[in-house]
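K.L.:
My structure file query-v2.txt, compact mmCIF, C-alpha atoms, is below:
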# COMPACT_ATOMS: atom_id res chain seq x y z
CA MET H 700 36.37 -24.40 -8.13
CA ARG H 701 39.73 -24.11 -6.52
CA ARG H 702 41.68 -21.26 -8.00
CA ARG H 703 43.72 -22.60 -10.86
CA ARG H 704 45.40 -21.57 -14.05
CA MET H 705 43.30 -22.55 -17.06
CA SER H 706 45.05 -23.92 -20.13
CA LYS H 707 45.63 -21.48 -22.96
CA ASP H 708 43.42 -23.46 -25.32
CA SER H 709 40.51 -23.40 -22.85
CA THR H 710 37.43 -21.52 -23.97
CA MET H 711 37.43 -19.86 -20.54
CA GLY H 712 40.81 -18.25 -21.16
CA SER H 713 43.96 -18.48 -19.07
CA GLU H 714 42.95 -16.48 -15.98
CA GLU H 715 42.40 -17.91 -12.54
CA ARG H 716 38.74 -18.34 -11.69
CA SER H 717 36.64 -18.96 -8.60
CA TYR H 718 33.40 -20.88 -9.07
CA LEU H 719 30.80 -19.83 -6.50
CA ASP H 720 27.58 -21.07 -8.10
CA HIS H 721 27.14 -24.50 -6.48
CA ASN H 722 23.38 -24.04 -6.13
CA ALA H 723 23.17 -24.02 -9.91
CA THR H 724 25.41 -27.06 -10.21
CA SER H 725 28.24 -28.42 -8.11
CA PRO H 726 31.35 -29.59 -10.00
CA VAL H 727 31.76 -33.36 -10.06
CA ARG H 728 34.08 -34.66 -7.36
CA PRO H 729 37.14 -36.57 -8.62
CA GLU H 730 36.04 -39.67 -6.68
CA VAL H 731 32.66 -39.48 -8.40
CA ALA H 732 34.26 -39.09 -11.84
CA ASP H 733 36.34 -42.21 -11.12
CA ALA H 734 33.20 -44.16 -10.17
CA VAL H 735 31.45 -43.01 -13.36
CA ALA H 736 34.47 -44.02 -15.48
CA ARG H 737 34.43 -47.52 -13.98
CA ALA H 738 30.69 -47.82 -14.56
CA LEU H 739 31.16 -46.91 -18.21
CA THR H 740 33.20 -50.07 -18.68
CA LEU H 741 30.42 -52.38 -17.45
CA PRO H 742 29.06 -54.12 -20.58
CA GLY H 743 25.78 -55.53 -19.29
CA ASN H 744 22.24 -54.19 -19.39
CA PRO H 745 20.93 -54.01 -15.80
CA SER H 746 17.78 -55.86 -16.89
CA SER H 747 19.67 -58.83 -18.35
CA ILE H 748 19.89 -62.03 -16.30
CA HIS H 749 23.38 -63.08 -17.35
CA THR H 750 26.49 -62.42 -15.26
CA GLU H 751 27.23 -59.07 -16.91
CA GLY H 752 23.67 -57.91 -16.46
CA ARG H 753 23.60 -58.91 -12.81
CA ALA H 754 26.85 -57.03 -12.21
CA ALA H 755 25.32 -53.90 -13.72
CA ARG H 756 22.17 -54.37 -11.63
CA ALA H 757 24.23 -54.73 -8.46
CA THR H 758 25.84 -51.32 -8.99
CA ILE H 759 22.42 -49.68 -9.36
CA GLU H 760 21.09 -51.31 -6.22
CA ALA H 761 24.18 -50.23 -4.29
CA ALA H 762 23.61 -46.65 -5.46
CA ARG H 763 19.95 -46.90 -4.43
CA GLU H 764 21.02 -47.73 -0.89
CA GLN H 765 23.55 -44.87 -0.88
CA ILE H 766 20.81 -42.42 -1.88
CA ALA H 767 18.45 -43.86 0.71
CA ARG H 768 21.01 -43.28 3.46
CA LEU H 769 21.47 -39.66 2.36
CA VAL H 770 17.75 -38.80 2.52
CA GLY H 771 16.59 -41.20 5.23
CA GLY H 772 14.45 -43.22 2.86
CA GLN H 773 14.15 -46.95 2.22
CA GLY H 774 16.27 -48.31 -0.60
CA ALA H 775 13.41 -50.20 -2.21
CA ARG H 776 11.44 -46.96 -2.46
CA ILE H 777 14.08 -44.93 -4.31
CA VAL H 778 13.28 -44.45 -8.02
CA PHE H 779 15.87 -42.96 -10.37
CA THR H 780 14.96 -40.26 -12.90
CA SER H 781 16.73 -37.85 -15.24
CA GLY H 782 16.81 -35.15 -12.55
CA GLY H 783 14.82 -33.18 -10.01
CA THR H 784 12.43 -31.73 -12.59
CA GLU H 785 11.29 -35.12 -13.85
CA ALA H 786 11.03 -36.39 -10.28
CA ALA H 787 8.81 -33.48 -9.20
CA ASN H 788 6.71 -33.66 -12.37
CA THR H 789 6.11 -37.36 -11.72
CA LEU H 790 5.16 -36.96 -8.09
CA LEU H 791 2.85 -34.02 -8.82
CA SER H 792 1.13 -35.72 -11.74
CA GLY H 793 -1.99 -36.44 -9.71
CA ALA H 794 -1.09 -40.11 -9.30
CA LEU H 795 0.49 -39.97 -5.84
CA ARG H 796 -1.69 -41.55 -3.17
CA ARG H 797 -1.74 -43.69 -0.07
CA SER H 798 -2.35 -47.37 -0.72
CA GLY H 799 -6.07 -48.06 -0.88
CA ARG H 800 -7.07 -44.39 -1.03
CA ALA H 801 -8.08 -42.05 -3.80
CA ALA H 802 -5.54 -39.60 -5.19
CA PRO H 803 -5.60 -36.03 -3.82
CA THR H 804 -7.73 -33.57 -5.75
CA ARG H 805 -6.11 -30.40 -4.38
CA LEU H 806 -2.52 -29.17 -4.54
CA LEU H 807 -1.13 -26.64 -2.05
CA ILE H 808 2.29 -25.15 -2.83
CA SER H 809 4.35 -22.36 -1.34
CA ALA H 810 4.82 -19.09 -3.21
CA THR H 811 8.57 -19.64 -3.51
CA GLU H 812 8.65 -23.06 -5.16
CA HIS H 813 10.95 -23.91 -8.06
CA PRO H 814 9.36 -23.84 -11.55
CA CYS H 815 9.49 -27.66 -11.66
CA VAL H 816 6.70 -27.49 -9.06
CA THR H 817 4.84 -24.32 -10.03
CA ALA H 818 4.81 -25.19 -13.73
CA GLY H 819 5.48 -28.92 -13.63
CA HIS H 820 2.42 -30.25 -11.81
CA ARG H 821 -0.54 -31.84 -13.60
CA PHE H 822 -3.35 -30.53 -11.40
CA PRO H 823 -6.05 -28.32 -12.94
CA ALA H 824 -5.44 -24.63 -12.33
CA GLU H 825 -8.57 -24.33 -10.19
CA ALA H 826 -7.30 -27.13 -7.91
CA VAL H 827 -4.01 -25.39 -7.07
CA GLU H 828 -3.61 -22.94 -4.20
CA VAL H 829 -0.49 -20.91 -3.40
CA LEU H 830 0.51 -20.45 0.23
CA PRO H 831 2.06 -17.08 1.11
CA VAL H 832 5.49 -16.65 2.66
CA ASP H 833 6.69 -14.00 5.10
CA ALA H 834 9.35 -11.37 4.46
CA LYS H 835 12.05 -13.92 5.29
CA GLY H 836 10.67 -16.39 2.76
CA VAL H 837 9.22 -18.86 5.27
CA VAL H 838 5.87 -20.39 4.33
CA SER H 839 2.92 -19.32 6.47
CA LEU H 840 1.89 -22.20 8.70
CA ALA H 841 -1.21 -20.26 9.72
CA ALA H 842 -2.32 -20.00 6.09
CA LEU H 843 -1.68 -23.72 5.59
CA ALA H 844 -3.69 -24.62 8.69
CA GLU H 845 -6.56 -22.40 7.53
CA ARG H 846 -6.67 -23.97 4.09
CA LEU H 847 -6.48 -27.51 5.46
CA ASP H 848 -9.39 -26.74 7.80
CA ALA H 849 -11.40 -25.43 4.85
CA LEU H 850 -10.56 -28.56 2.84
CA SER H 851 -11.57 -30.98 5.58
CA GLY H 852 -12.56 -34.30 4.08
CA GLU H 853 -10.88 -33.58 0.74
CA GLY H 854 -7.70 -35.25 -0.47
CA VAL H 855 -4.82 -32.76 -0.48
CA LEU H 856 -1.24 -32.89 -1.69
CA ILE H 857 1.10 -30.32 -0.09
CA SER H 858 4.37 -29.56 -1.88
CA VAL H 859 6.88 -27.33 -0.09
CA HIS H 860 10.59 -27.30 -0.88
CA ALA H 861 13.06 -28.20 1.85
CA ALA H 862 15.24 -25.18 1.05
CA ASN H 863 14.96 -22.38 -1.47
CA ASN H 864 17.46 -22.39 -4.32
CA GLU H 865 17.79 -18.59 -4.45
CA THR H 866 17.82 -17.53 -0.81
CA GLY H 867 18.77 -20.78 0.92
CA VAL H 868 15.83 -20.39 3.34
CA VAL H 869 14.95 -23.70 4.99
CA GLN H 870 11.26 -24.50 5.38
CA PRO H 871 9.59 -25.95 8.53
CA LEU H 872 8.83 -29.37 7.07
CA ALA H 873 8.20 -31.09 10.40
CA GLU H 874 5.49 -28.56 11.26
CA ILE H 875 3.98 -28.86 7.79
CA VAL H 876 3.79 -32.65 8.15
CA ARG H 877 2.20 -32.25 11.60
CA LEU H 878 -0.58 -30.10 10.11
CA ALA H 879 -1.04 -32.57 7.28
CA ARG H 880 -1.45 -35.48 9.68
CA ALA H 881 -4.02 -33.52 11.69
CA HIS H 882 -5.99 -33.05 8.48
CA GLY H 883 -5.98 -36.80 7.95
CA GLN H 884 -6.12 -36.91 4.17
CA ALA H 885 -3.13 -34.78 3.20
CA LEU H 886 0.13 -36.00 1.66
CA VAL H 887 3.37 -34.02 1.84
CA HIS H 888 6.00 -33.90 -0.88
CA SER H 889 9.19 -31.86 -0.64
CA ASP H 890 11.45 -30.72 -3.45
CA ALA H 891 14.69 -31.43 -1.57
CA VAL H 892 16.99 -30.68 -4.51
CA GLN H 893 18.85 -27.86 -2.76
CA ALA H 894 18.86 -29.44 0.70
CA ALA H 895 20.20 -32.90 -0.09
CA GLY H 896 23.88 -33.16 0.75
CA LYS H 897 24.00 -29.69 2.36
CA ILE H 898 21.97 -30.22 5.53
CA ALA H 899 20.80 -33.28 7.42
CA LEU H 900 17.70 -34.69 5.70
CA ASP H 901 15.66 -37.60 7.02
CA MET H 902 12.33 -38.09 5.31
CA GLY H 903 11.39 -40.84 7.74
CA ALA H 904 11.97 -38.70 10.81
CA LEU H 905 10.21 -35.76 9.20
CA GLY H 906 7.28 -37.94 8.17
CA LEU H 907 7.40 -36.92 4.50
CA ASP H 908 5.39 -39.00 2.05
CA ALA H 909 7.67 -38.24 -0.90
CA LEU H 910 10.68 -36.15 -1.85
CA SER H 911 12.68 -35.42 -4.97
CA ILE H 912 16.40 -34.74 -5.45
CA SER H 913 18.91 -34.04 -8.23
CA GLY H 914 22.45 -35.42 -8.33
CA HIS H 915 24.28 -32.46 -9.82
CA LYS H 916 23.44 -30.31 -6.81
CA PHE H 917 25.74 -32.43 -4.62
CA ALA H 918 28.61 -33.08 -7.04
CA ALA H 919 27.17 -35.95 -9.08
CA PRO H 920 26.88 -35.85 -12.90
CA LYS H 921 24.16 -33.76 -14.50
CA GLY H 922 21.16 -35.61 -15.86
CA VAL H 923 20.37 -37.97 -12.98
CA GLY H 924 17.96 -37.58 -10.07
CA ALA H 925 15.56 -39.59 -7.97
CA PHE H 926 12.40 -39.55 -5.92
CA ALA H 927 11.66 -41.42 -2.72
CA LEU H 928 8.33 -42.77 -1.54
CA ALA H 929 7.46 -43.51 2.08
CA GLU H 930 6.06 -46.88 3.05
CA GLY H 931 2.38 -47.08 2.18
CA VAL H 932 2.60 -44.37 -0.49
CA GLU H 933 2.37 -45.29 -4.14
CA LEU H 934 2.13 -43.91 -7.67
CA GLU H 935 -0.78 -45.10 -9.74
CA GLY H 936 0.73 -45.97 -13.10
CA ALA H 937 4.06 -45.13 -14.70
CA PHE H 938 5.13 -41.69 -15.86
CA LEU H 939 7.27 -43.34 -18.57
CA ARG H 940 5.90 -46.65 -19.83
CA GLY H 941 7.96 -49.39 -21.36
CA GLY H 942 10.01 -52.33 -20.18
CA GLY H 943 9.17 -52.17 -16.50
CA GLN H 944 12.36 -50.77 -15.00
CA GLU H 945 12.44 -48.89 -11.67
CA GLN H 946 9.57 -50.83 -10.12
CA ARG H 947 7.56 -50.12 -13.30
CA LEU H 948 7.36 -46.48 -12.25
CA ARG H 949 10.01 -45.07 -14.60
CA CYS H 950 10.58 -47.38 -17.53
CA GLY H 951 13.61 -47.28 -19.82
CA THR H 952 17.14 -48.58 -19.53
CA GLU H 953 18.75 -46.91 -16.53
CA ASN H 954 21.51 -44.31 -16.82
CA LEU H 955 23.93 -46.63 -15.06
CA PRO H 956 27.05 -44.35 -15.02
CA GLY H 957 24.99 -41.39 -13.80
CA ILE H 958 23.27 -43.46 -11.12
CA VAL H 959 26.57 -44.88 -9.89
CA GLY H 960 28.02 -41.37 -9.77
CA MET H 961 25.00 -40.08 -7.87
CA GLY H 962 25.31 -42.88 -5.35
CA ARG H 963 29.00 -42.20 -4.78
CA ALA H 964 28.36 -38.45 -4.46
CA ALA H 965 25.60 -39.14 -1.92
CA GLU H 966 27.95 -41.32 0.09
CA LEU H 967 30.64 -38.61 0.14
CA ALA H 968 28.18 -35.84 1.00
CA ARG H 969 26.70 -37.84 3.86
CA ALA H 970 30.12 -38.66 5.29
CA ALA H 971 31.13 -34.98 5.22
CA LEU H 972 28.12 -33.74 7.21
CA PRO H 973 28.02 -31.89 9.58
CA ALA H 974 31.65 -30.77 9.42
CA GLU H 975 31.26 -29.53 5.86
CA ALA H 976 28.13 -27.57 6.75
CA GLU H 977 30.07 -25.82 9.50
CA ARG H 978 32.95 -25.02 7.12
CA LEU H 979 30.62 -23.62 4.46
CA ALA H 980 28.72 -21.54 7.02
CA GLY H 981 32.07 -20.03 8.01
CA LEU H 982 32.78 -19.10 4.39
CA ARG H 983 29.31 -17.62 4.03
CA GLU H 984 29.49 -15.52 7.18
CA GLY H 985 33.03 -14.37 6.46
CA THR H 986 31.97 -13.29 3.00
CA LEU H 987 28.96 -11.44 4.39
CA THR H 988 31.19 -9.60 6.83
CA GLY H 989 33.37 -8.53 3.91
CA VAL H 990 30.42 -7.41 1.83
CA ARG H 991 29.03 -5.38 4.76
CA ALA H 992 32.37 -3.64 5.12
CA LEU H 993 32.16 -2.64 1.44
CA ALA H 994 28.43 -1.90 1.40
CA PRO H 995 26.92 -1.10 4.82
CA ASP H 996 23.45 -0.83 3.29
CA VAL H 997 23.52 -4.37 1.85
CA VAL H 998 20.25 -6.32 2.22
CA VAL H 999 20.53 -10.05 2.89
CA PHE H 1000 17.53 -12.02 1.68
CA GLY H 1001 16.19 -14.50 4.22
CA GLU H 1002 18.35 -13.06 7.00
CA GLY H 1003 17.05 -14.18 10.37
CA ALA H 1004 15.56 -17.39 8.99
CA SER H 1005 17.19 -20.80 9.01
CA ARG H 1006 19.23 -20.99 5.79
CA LEU H 1007 21.48 -23.39 3.93
CA PRO H 1008 25.03 -23.00 5.25
CA ASN H 1009 26.48 -22.43 1.79
CA THR H 1010 24.10 -19.77 0.42
CA LEU H 1011 24.35 -15.98 0.58
CA ALA H 1012 21.74 -13.99 -1.36
CA PHE H 1013 21.94 -10.22 -1.16
CA ALA H 1014 21.48 -6.92 -2.96
CA VAL H 1015 23.08 -3.51 -2.67
CA PRO H 1016 20.67 -0.64 -3.42
CA GLY H 1017 21.49 0.90 -6.78
CA LEU H 1018 23.53 -2.06 -8.06
CA GLU H 1019 22.00 -3.93 -11.01
CA ALA H 1020 22.55 -7.68 -11.09
CA ALA H 1021 23.14 -7.88 -14.84
CA THR H 1022 25.97 -5.35 -14.66
CA ALA H 1023 27.47 -6.92 -11.55
CA LEU H 1024 27.39 -10.46 -12.93
CA ILE H 1025 29.28 -9.46 -16.07
CA ALA H 1026 31.86 -7.50 -14.09
CA LEU H 1027 32.38 -10.33 -11.62
CA ASP H 1028 32.70 -12.85 -14.43
CA LEU H 1029 35.33 -10.71 -16.14
CA ALA H 1030 37.14 -10.57 -12.80
CA GLY H 1031 37.22 -14.37 -12.69
CA VAL H 1032 34.33 -15.03 -10.32
CA ALA H 1033 31.24 -17.05 -11.20
CA VAL H 1034 28.12 -16.25 -9.18
CA SER H 1035 24.47 -15.92 -10.18
CA SER H 1036 21.39 -13.81 -9.70
CA GLY H 1037 19.13 -16.66 -8.61
CA SER H 1038 17.83 -19.80 -10.27
CA ALA H 1039 19.85 -21.22 -13.16
CA CYS H 1040 16.61 -22.59 -14.63
CA ALA H 1041 15.45 -19.38 -16.29
CA SER H 1042 17.05 -19.82 -19.73
CA GLY H 1043 20.16 -17.94 -18.66
CA LYS H 1044 18.21 -14.72 -18.22
CA VAL H 1045 18.45 -12.17 -15.43
CA ALA H 1046 14.79 -11.47 -14.71
CA ARG H 1047 12.76 -10.40 -11.69
CA SER H 1048 12.68 -13.23 -9.18
CA PRO H 1049 9.22 -14.61 -8.31
CA VAL H 1050 10.77 -15.75 -5.03
CA LEU H 1051 11.77 -12.23 -4.00
CA ALA H 1052 8.46 -10.87 -5.25
CA ALA H 1053 6.62 -13.34 -3.00
CA MET H 1054 8.77 -12.13 -0.09
CA GLY H 1055 7.66 -8.57 -0.76
CA VAL H 1056 11.06 -7.31 -1.86
CA ASP H 1057 10.97 -3.98 -3.68
CA PRO H 1058 11.38 -4.59 -7.44
CA ALA H 1059 14.27 -2.12 -7.69
CA LEU H 1060 16.16 -3.95 -4.96
CA ALA H 1061 15.29 -7.37 -6.35
CA ALA H 1062 16.79 -6.29 -9.68
CA GLY H 1063 20.17 -6.26 -7.95
CA ALA H 1064 19.94 -9.68 -6.31
CA LEU H 1065 23.15 -11.70 -6.31
CA ARG H 1066 23.63 -15.24 -5.04
CA VAL H 1067 26.92 -16.65 -3.86
CA SER H 1068 26.79 -20.39 -3.21
CA PHE H 1069 29.80 -22.28 -1.90
CA GLY H 1070 30.53 -25.98 -2.25
CA TRP H 1071 32.88 -28.86 -1.59
CA ASN H 1072 35.86 -27.28 -3.37
CA SER H 1073 35.33 -23.66 -2.27
CA THR H 1074 38.17 -22.08 -0.29
CA GLU H 1075 39.03 -18.94 1.62
CA ASP H 1076 40.93 -17.84 -1.50
CA ASP H 1077 37.69 -18.00 -3.47
CA ALA H 1078 35.94 -15.83 -0.91
CA ARG H 1079 38.78 -13.31 -0.97
CA ARG H 1080 38.75 -13.23 -4.78
CA PHE H 1081 35.01 -12.56 -4.73
CA LEU H 1082 35.36 -9.73 -2.21
CA ALA H 1083 38.19 -8.13 -4.18
CA ALA H 1084 36.08 -8.26 -7.35
CA CYS H 1085 33.05 -7.01 -5.43
CA GLU H 1086 35.01 -4.02 -4.19
CA ARG H 1087 35.84 -3.04 -7.78
CA VAL H 1088 32.20 -3.46 -8.80
CA LEU H 1089 30.89 -1.37 -5.91
CA ALA H 1090 33.44 1.44 -6.07
CA PRO H 1091 31.77 3.37 -8.96
CA LEU H 1092 28.37 3.11 -7.23
CA TYR H 1093 29.60 4.70 -4.02
CA GLN H 1094 31.62 7.28 -5.94
CA ARG H 1095 28.44 8.37 -7.72
CA ARG H 1096 26.62 8.56 -4.40
CA GLY H 1097 29.40 10.70 -2.97
CA ARG H 1098 29.24 13.15 -5.87
CA ALA H 1099 25.45 13.31 -5.60
CA ALA H 1100 25.68 14.07 -1.90
Take the structure in this file and express it as structure tokens.

P.N.:
Amino acid sequence: MRRRRMSKDSTMGSEERSYLDHNATSPVRPEVADAVARALTLPGNPSSIHTEGRAARATIEAAREQIARLVGGQGARIVFTSGGTEAANTLLSGALRRSGRAAPTRLLISATEHPCVTAGHRFPAEAVEVLPVDAKGVVSLAALAERLDALSGEGVLISVHAANNETGVVQPLAEIVRLARAHGQALVHSDAVQAAGKIALDMGALGLDALSISGHKFAAPKGVGAFALAEGVELEGAFLRGGGQEQRLRCGTENLPGIVGMGRAAELARAALPAEAERLAGLREGTLTGVRALAPDVVVFGEGASRLPNTLAFAVPGLEAATALIALDLAGVAVSSGSACASGKVARSPVLAAMGVDPALAAGALRVSFGWNSTEDDARRFLAACERVLAPLYQRRGRAA
């Protein structure tokens, strides 16, 4: 968040703080909050046929089109969910297929997927294969090609995220789709939760069969997400059964305020690209320059690979993440050590393990992720706090030498 003075009765105290954890969740934009507030006043159920119901329905359909424009999908094929986890769980339930064809019987995923993919699918364990990544965190296209050749004639679903939530590494989706098309019976889904709103994303141009996103990653309210299906791709049956909402694929009265907020956030994010991506990349690189000046031996995870412009993941040998996070928080800076979906724990990252990072170094992983309201002041505050955190480490090294 922008640096500000918190009220004295705030549970966060009265100090100025800098929020640099947008990959965990991005604060709701004021324009989005206004849209949500207006939606809360709409009295009708979107499934009702009276005037009030039709007005509510119209706001949902407008949001569907806004989401479609953000991800390059077709509005009629956007289905709203409670978030990215539900969206991924639904798409990887074993029911995704091309019209007129049997559902895939094999699932191929990268070694650095989010838990909503690694633990959220419904395929039998023996039907799931994990594709390795290189030291930069990029999935091995050679390994994918080899497995697809071995599975010739068998229905396959490939799920590779568009960008990693911890390192920001962007995956080669176009090449993955090309290999899938050569196989002939492979579908490609991408968990695009971290990519949407941060980099250009066009599922049609990429040739993706399905993707999933979550609103709170691009400044919409928490608790709303969506998945998109390409033309000719369908889900056999509903994940949630009931009244027939969302094309009978996700039944239950829609979260109208959340959906409206997600649509408005998508519209704002799309309008800001690519200028915002350039601004955030400047903040990231400026921060990295500052960290390198403080810690010349810093290791940047995913360096050399294409990465999200807002994400800097690094470790300084000898610095433990748990200690650093507490110290930075006390200094008024909010960052993280990786995924926010690990019950608030600082544990060894499976992502870094898959990249072959030494466990001792991985234990010090920190992630700084900028967003729409991040400023140069926030970066300077982080670097000042980082200097205080690192000083004792280098003092100890000096005495040991």

K.L.:
Find the residues near range 1075-1092 of chain H: any atom within 10 Å, counting only C-alpha atoms, skip ones fewer than 4 places away on the same chain, and give them as an NGL selection string.

P.N.:
:H and (700-702 or 715-719 or 981-983 or 985-990 or 992-994 or 1015-1018 or 1022-1034 or 1067 or 1069 or 1096-1097)

K.L.:
Mind giving me the straight-line distance from CA of Gly896 in chain H to CA of Ala976 in chain H in Å, one decimal?

P.N.:
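Calculated distance between CA of Gly896 in chain H and CA of Ala976 in chain H is 9.2 Å.
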
K.L.:
Would you work out the distance separating CA of Ile759 in chain H from CA of Asp733 in chain H, expressed in Å to one decimal?

P.N.:
15.9 Å

K.L.:
Which residue gives the smallest distance to Ile766 in chain H among H:Ala786, H:Val869, H:Leu1011, H:Ile958, with all atoms listed in the file counted?

P.N.:
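Closest to Ile766 in chain H, using all atoms listed in the file: H:Ile958.
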
K.L.:
Let me make sure I understand: among H:Val932, H:Tyr1093, H:Ser781, H:Ile748, which one has the smallest atom-to-atom distance to Pro995 in chain H if we use only C-alpha atoms?

P.N.:
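Distance minimum relative to Pro995 in chain H lands on H:Tyr1093.
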
K.L.:
Using all atoms listed in the file, find the one residue out of H:Gly799, H:Gly1001, H:Pro729, H:Gly783 that sits nearest to Leu967 in chain H.

P.N.:
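Answer, going by the shortest atom-to-atom distance: H:Pro729.
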
K.L.:
Let me make sure I understand: among H:Arg963, H:Lys916, H:Arg949, H:Arg776, which one has the smallest atom-to-atom distance to Ala894 in chain H if we use all atoms listed in the file?

P.N.:
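Closest to Ala894 in chain H, using all atoms listed in the file: H:Lys916.
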
K.L.:
May I have the residues within 12 Å of Arg800 in chain H as a PyMOL selection string, using all atoms listed in the file and disregarding those fewer than 4 positions away in the same chain?

P.N.:
chain H and resi 794-796+804+853-855+883-886+931-935

K.L.:
Calculate how many Å separate CA of Ile808 in chain H from CA of Ala862 in chain H, rounding to one decimal.

P.N.:
13.5 Å

K.L.:
Give me the residues within 10 Å of Ala879 in chain H as a PDB file with C-alpha atoms, in the coordinates of the input, counting all atoms listed in the file and dropping any in the same chain fewer than 6 places off.

P.N.:
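This is the output file out-v2.pdb:
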ATOM      1  CA  LEU H 843      -1.680 -23.720   5.590  1.00  0.00           C
ATOM      2  CA  ALA H 844      -3.690 -24.620   8.690  1.00  0.00           C
ATOM      3  CA  LEU H 847      -6.480 -27.510   5.460  1.00  0.00           C
ATOM      4  CA  VAL H 855      -4.820 -32.760  -0.480  1.00  0.00           C
ATOM      5  CA  LEU H 856      -1.240 -32.890  -1.690  1.00  0.00           C
ATOM      6  CA  ILE H 857       1.100 -30.320  -0.090  1.00  0.00           C
ATOM      7  CA  ALA H 873       8.200 -31.090  10.400  1.00  0.00           C
ATOM      8  CA  ALA H 885      -3.130 -34.780   3.200  1.00  0.00           C
ATOM      9  CA  LEU H 886       0.130 -36.000   1.660  1.00  0.00           C
ATOM     10  CA  VAL H 887       3.370 -34.020   1.840  1.00  0.00           C
ATOM     11  CA  GLY H 906       7.280 -37.940   8.170  1.00  0.00           C
ATOM     12  CA  LEU H 907       7.400 -36.920   4.500  1.00  0.00           C
TER      13      LEU H 907
END

K.L.:
Could you check the closest approach to Ser1036 in chain H for each of H:Val868, H:Ala723, H:Ile898, H:Ala762 and tell me which residue wins, using all atoms listed in the file?

P.N.:
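Smallest distance to Ser1036 in chain H is found for H:Ala723.
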
K.L.:
When distances are computed from only C-alpha atoms, which of H:Ile875, H:His860, H:Ala810, H:Ala925 shows the smallest separation from Leu840 in chain H?

P.N.:
H:Ile875
